[in-house]
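*Asks:* Sharing entry16.pdb here; it has PDB, C-alpha atoms and all ligand atoms.
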```pdb
ATOM      1  CA  MET A 250     -41.193  29.291  20.856
ATOM      2  CA  GLU A 251     -39.197  31.256  18.306
ATOM      3  CA  CYS A 252     -40.633  32.268  14.950
ATOM      4  CA  ALA A 253     -38.848  30.420  12.126
ATOM      5  CA  ASN A 254     -38.775  33.639  10.086
ATOM      6  CA  CYS A 255     -38.346  36.700  12.320
ATOM      7  CA  HIS A 256     -36.976  34.810  15.360
ATOM      8  CA  ARG A 257     -39.185  36.698  17.803
ATOM      9  CA  GLN A 258     -40.796  34.869  20.735
ATOM     10  CA  ILE A 259     -44.355  33.691  19.977
ATOM     11  CA  PRO A 260     -46.679  31.439  22.053
ATOM     12  CA  ASP A 261     -45.810  27.706  21.935
ATOM     13  CA  HIS A 262     -47.647  25.613  19.295
ATOM     14  CA  SER A 263     -48.479  28.711  17.233
ATOM     15  CA  ASP A 264     -49.340  27.931  13.602
ATOM     16  CA  PHE A 265     -48.584  31.471  12.505
ATOM     17  CA  CYS A 266     -46.287  34.204  13.830
ATOM     18  CA  SER A 267     -48.198  37.047  15.478
ATOM     19  CA  PHE A 268     -45.481  39.507  14.350
ATOM     20  CA  CYS A 269     -44.610  38.627  10.737
ATOM     21  CA  GLY A 270     -47.537  36.321   9.938
ATOM     22  CA  MET A 271     -45.234  33.519   8.715
ATOM     23  CA  ARG A 272     -46.683  29.984   8.916
ATOM     24  CA  GLN A 273     -44.614  27.991  11.434
ATOM     25  CA  PRO A 274     -43.176  24.660  10.261
ATOM     26  CA  SER A 275     -44.738  21.424  11.560
ATOM     27  CA  VAL A 276     -42.764  19.026  13.770
ATOM     28  CA  GLY A 277     -42.248  16.808  10.706
ATOM     29  CA  GLU A 278     -40.812  19.739   8.756
ATOM     30  CA  GLU A 279     -38.603  20.642  11.728
ATOM     31  CA  LEU A 280     -37.360  17.037  11.932
ATOM     32  CA  THR A 281     -36.694  16.909   8.193
ATOM     33  CA  ARG A 282     -34.763  20.153   8.481
ATOM     34  CA  ALA A 283     -32.852  18.831  11.518
ATOM     35  CA  GLY A 284     -32.001  15.642   9.609
ATOM     36  CA  ARG A 285     -30.713  17.682   6.679
ATOM     37  CA  GLU A 286     -28.641  19.866   9.023
ATOM     38  CA  VAL A 287     -27.124  16.730  10.642
ATOM     39  CA  PHE A 288     -26.363  15.276   7.206
ATOM     40  CA  GLU A 289     -24.738  18.516   6.052
ATOM     41  CA  ALA A 290     -22.747  18.784   9.278
ATOM     42  CA  THR A 291     -21.556  15.170   8.907
ATOM     43  CA  ALA A 292     -20.566  15.807   5.291
ATOM     44  CA  ALA A 293     -18.712  18.984   6.323
ATOM     45  CA  VAL A 294     -16.823  17.120   9.063
ATOM     46  CA  PHE A 295     -16.048  14.282   6.647
ATOM     47  CA  ASN A 296     -14.692  16.754   4.080
ATOM     48  CA  ARG A 297     -12.552  18.413   6.756
ATOM     49  CA  VAL A 298     -11.150  15.021   7.775
ATOM     50  CA  VAL A 299     -10.430  14.121   4.136
ATOM     51  CA  GLU A 300      -8.752  17.509   3.550
ATOM     52  CA  ALA A 301      -6.718  17.122   6.752
ATOM     53  CA  ALA A 302      -5.706  13.568   5.810
ATOM     54  CA  LYS A 303      -4.509  14.505   2.303
ATOM     55  CA  PRO A 304      -1.118  16.004   3.262
ATOM     56  CA  VAL A 305      -0.581  13.224   5.826
ATOM     57  CA  ALA A 306      -1.231  10.585   3.152
ATOM     58  CA  LYS A 307       1.184  12.436   0.848
ATOM     59  CA  ASP A 308       3.841  12.461   3.590
ATOM     60  CA  VAL A 309       3.314   8.750   4.268
ATOM     61  CA  ALA A 310       3.599   7.951   0.550
ATOM     62  CA  LYS A 311       6.758  10.085   0.278
ATOM     63  CA  GLY A 312       8.187   8.440   3.392
ATOM     64  CA  ALA A 313       7.522   4.980   1.984
ATOM     65  CA  GLY A 314       9.211   5.993  -1.278
ATOM     66  CA  ASP A 315      12.236   7.295   0.617
ATOM     67  CA  VAL A 316      12.451   4.056   2.614
ATOM     68  CA  ALA A 317      12.217   1.981  -0.579
ATOM     69  CA  ARG A 318      14.931   4.091  -2.250
ATOM     70  CA  GLY A 319      17.087   3.912   0.879
ATOM     71  CA  THR A 320      16.716   0.148   1.046
ATOM     72  CA  ALA A 321      17.632  -0.231  -2.622
ATOM     73  CA  THR A 322      20.705   1.977  -2.140
ATOM     74  CA  ALA A 323      21.748   0.045   0.976
ATOM     75  CA  VAL A 324      21.182  -3.351  -0.627
ATOM     76  CA  LYS A 325      23.106  -2.631  -3.867
ATOM     77  CA  PRO A 326      26.638  -2.694  -2.359
ATOM     78  CA  ALA A 327      25.692  -5.666  -0.181
ATOM     79  CA  ALA A 328      24.499  -7.555  -3.257
ATOM     80  CA  GLY A 329      27.724  -6.617  -5.059
ATOM     81  CA  LYS A 330      29.782  -7.854  -2.098
ATOM     82  CA  ALA A 331      27.797 -11.081  -1.942
ATOM     83  CA  ALA A 332      28.330 -11.671  -5.675
ATOM     84  CA  LYS A 333      32.090 -11.025  -5.263
ATOM     85  CA  ALA A 334      32.262 -13.354  -2.238
ATOM     86  CA  VAL A 335      30.530 -16.099  -4.193
ATOM     87  CA  GLU A 336      32.796 -15.710  -7.270
ATOM     88  CA  PRO A 337      35.765 -17.786  -5.975
ATOM     89  CA  ALA A 338      33.380 -20.546  -4.913
ATOM     90  CA  VAL A 339      31.843 -20.522  -8.390
ATOM     91  CA  ARG A 340      35.329 -20.639  -9.998
ATOM     92  CA  GLU A 341      36.352 -23.477  -7.657
ATOM     93  CA  THR A 342      33.161 -25.392  -8.441
ATOM     94  CA  LYS A 343      33.819 -24.987 -12.185
ATOM     95  CA  LYS A 344      37.404 -26.240 -11.716
ATOM     96  CA  VAL A 345      36.271 -29.227  -9.648
ATOM     97  CA  ALA A 346      33.513 -30.032 -12.116
ATOM     98  CA  LYS A 347      36.023 -29.852 -15.019
ATOM     99  CA  SER A 348      38.504 -32.124 -13.260
ATOM    100  CA  VAL A 349      35.784 -34.605 -12.304
ATOM    101  CA  ALA A 350      34.580 -34.622 -15.916
ATOM    102  CA  ARG A 351      38.171 -35.107 -17.143
ATOM    103  CA  LYS A 352      38.718 -37.978 -14.686
ATOM    104  CA  ALA A 353      35.457 -39.581 -15.752
ATOM    105  CA  ALA A 354      36.397 -39.181 -19.435
ATOM    106  CA  ARG A 355      39.845 -40.704 -18.826
ATOM    107  CA  ALA A 356      38.393 -43.602 -16.863
ATOM    108  CA  THR A 357      35.914 -44.201 -19.655
ATOM    109  CA  THR A 358      38.683 -44.064 -22.298
ATOM    110  CA  SER A 359      40.895 -46.496 -20.420
ATOM    111  CA  ALA A 360      37.976 -48.837 -19.789
ATOM    112  CA  ALA A 361      37.088 -48.722 -23.481
ATOM    113  CA  ARG A 362      40.710 -49.482 -24.431
ATOM    114  CA  LYS A 363      40.743 -52.438 -22.041
ATOM    115  CA  VAL A 364      37.527 -53.719 -23.642
ATOM    116  CA  LYS A 365      39.040 -53.254 -27.117
ATOM    117  CA  ARG A 366      42.253 -55.085 -26.105
ATOM    118  CA  ALA A 367      40.227 -57.880 -24.557
ATOM    119  CA  ALA A 368      38.165 -58.172 -27.704
ATOM    120  CA  LYS A 369      41.290 -58.517 -29.885
ATOM    121  CA  LYS A 370      42.546 -61.516 -27.886
TER     122      LYS A 370
HETATM  123 ZN    ZN A 401     -42.246  35.911  12.794
END
```
Reformat the file's structure so that it appears as structure tokens.
Ligand SMILES: [Zn+2]
*Replies:*
Amino acid sequence: MECANCHRQIPDHSDFCSFCGMRQPSVGEELTRAGREVFEATAAVFNRVVEAAKPVAKDVAKGAGDVARGTATAVKPAAGKAAKAVEPAVRETKKVAKSVARKAARATTSAARKVKRAAKK
């Protein structure tokens, strides 16, 4: 095995290094250290992924903004055209409604007059 301190080869299962005298870590300590290394490596990879994703996310957000702006710009003239196309129909509807109201008013007036005349007799 390799000494944890001076990295020279020492007999397997040694408790101390025969070169530097350093106490060798137990299996539990080695496992704890390995676990910490794995955790740190995972965190490092995660940070790299987050850092790599940042500009992509920015691009996506910018792209979505551009699409939204483009849609708004494209829709504006269409909405204007639609409003203009509807205008004559609205005018016509107003005219028809006015004439219907006038006819109804006249019919009511003449009916009322007839009732009045009938009442006088
Ligand atoms: Zn050593």
*Asks:* To verify the selection step, state as a list in words which residues the PyMOL selection byres (((not hetatm)) within 8 of (chain A and resi 401)) yields on this input.
*Replies:*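 The output of the PyMOL selection byres (((not hetatm)) within 8 of (chain A and resi 401)) on this file is Glu251, Cys252, Ala253, Asn254, Cys255, His256, Arg257, Ile259, Phe265, Cys266, Ser267, Phe268, Cys269, Gly270 and Met271 of chain A.
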*Asks:* Quick one, how far is atom CA of A:Lys344 from atom CA of A:Ala360?
*Replies:*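 Between atom CA of A:Lys344 and atom CA of A:Ala360 the gap works out to 24.0 Å.
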*Asks:* Rounded to one decimal, what separation in Å do you get between atom CA of A:Leu280 and atom CA of A:Ala292?
*Replies:*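 Calculated distance between atom CA of A:Leu280 and atom CA of A:Ala292 is 18.1 Å.
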*Asks:* Work out how far atom CA of A:Phe288 is from atom CA of A:Pro304, in Å to one decimal.
*Replies:*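 Distance between the two atoms: 25.6 Å.
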*Asks:* Please evaluate the PyMOL selection byres (((chain A and resi 275) around 12) and not hetatm) against the displayed coordinates and give the resulting residues as a PDB file with C-alpha atoms, in the frame of the given file.
*Replies:*
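Output (selection11.pdb):
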```
ATOM      1  CA  ALA A 253     -38.848  30.420  12.126  1.00  0.00           C
ATOM      2  CA  HIS A 262     -47.647  25.613  19.295  1.00  0.00           C
ATOM      3  CA  SER A 263     -48.479  28.711  17.233  1.00  0.00           C
ATOM      4  CA  ASP A 264     -49.340  27.931  13.602  1.00  0.00           C
ATOM      5  CA  PHE A 265     -48.584  31.471  12.505  1.00  0.00           C
ATOM      6  CA  ARG A 272     -46.683  29.984   8.916  1.00  0.00           C
ATOM      7  CA  GLN A 273     -44.614  27.991  11.434  1.00  0.00           C
ATOM      8  CA  PRO A 274     -43.176  24.660  10.261  1.00  0.00           C
ATOM      9  CA  VAL A 276     -42.764  19.026  13.770  1.00  0.00           C
ATOM     10  CA  GLY A 277     -42.248  16.808  10.706  1.00  0.00           C
ATOM     11  CA  GLU A 278     -40.812  19.739   8.756  1.00  0.00           C
ATOM     12  CA  GLU A 279     -38.603  20.642  11.728  1.00  0.00           C
ATOM     13  CA  LEU A 280     -37.360  17.037  11.932  1.00  0.00           C
ATOM     14  CA  THR A 281     -36.694  16.909   8.193  1.00  0.00           C
ATOM     15  CA  ARG A 282     -34.763  20.153   8.481  1.00  0.00           C
TER      16      ARG A 282
END
```
*Asks:* Around all the atoms of stretch 299-303 of chain A listed in the file, with 3 Å of room on each side, what axis-aligned box do you get, giving centre and edge lengths in Å to one decimal, as JSON?
*Replies:*
```
{"center_x": -7.5, "center_y": 15.5, "center_z": 4.5, "size_x": 11.9, "size_y": 9.9, "size_z": 10.4}
```
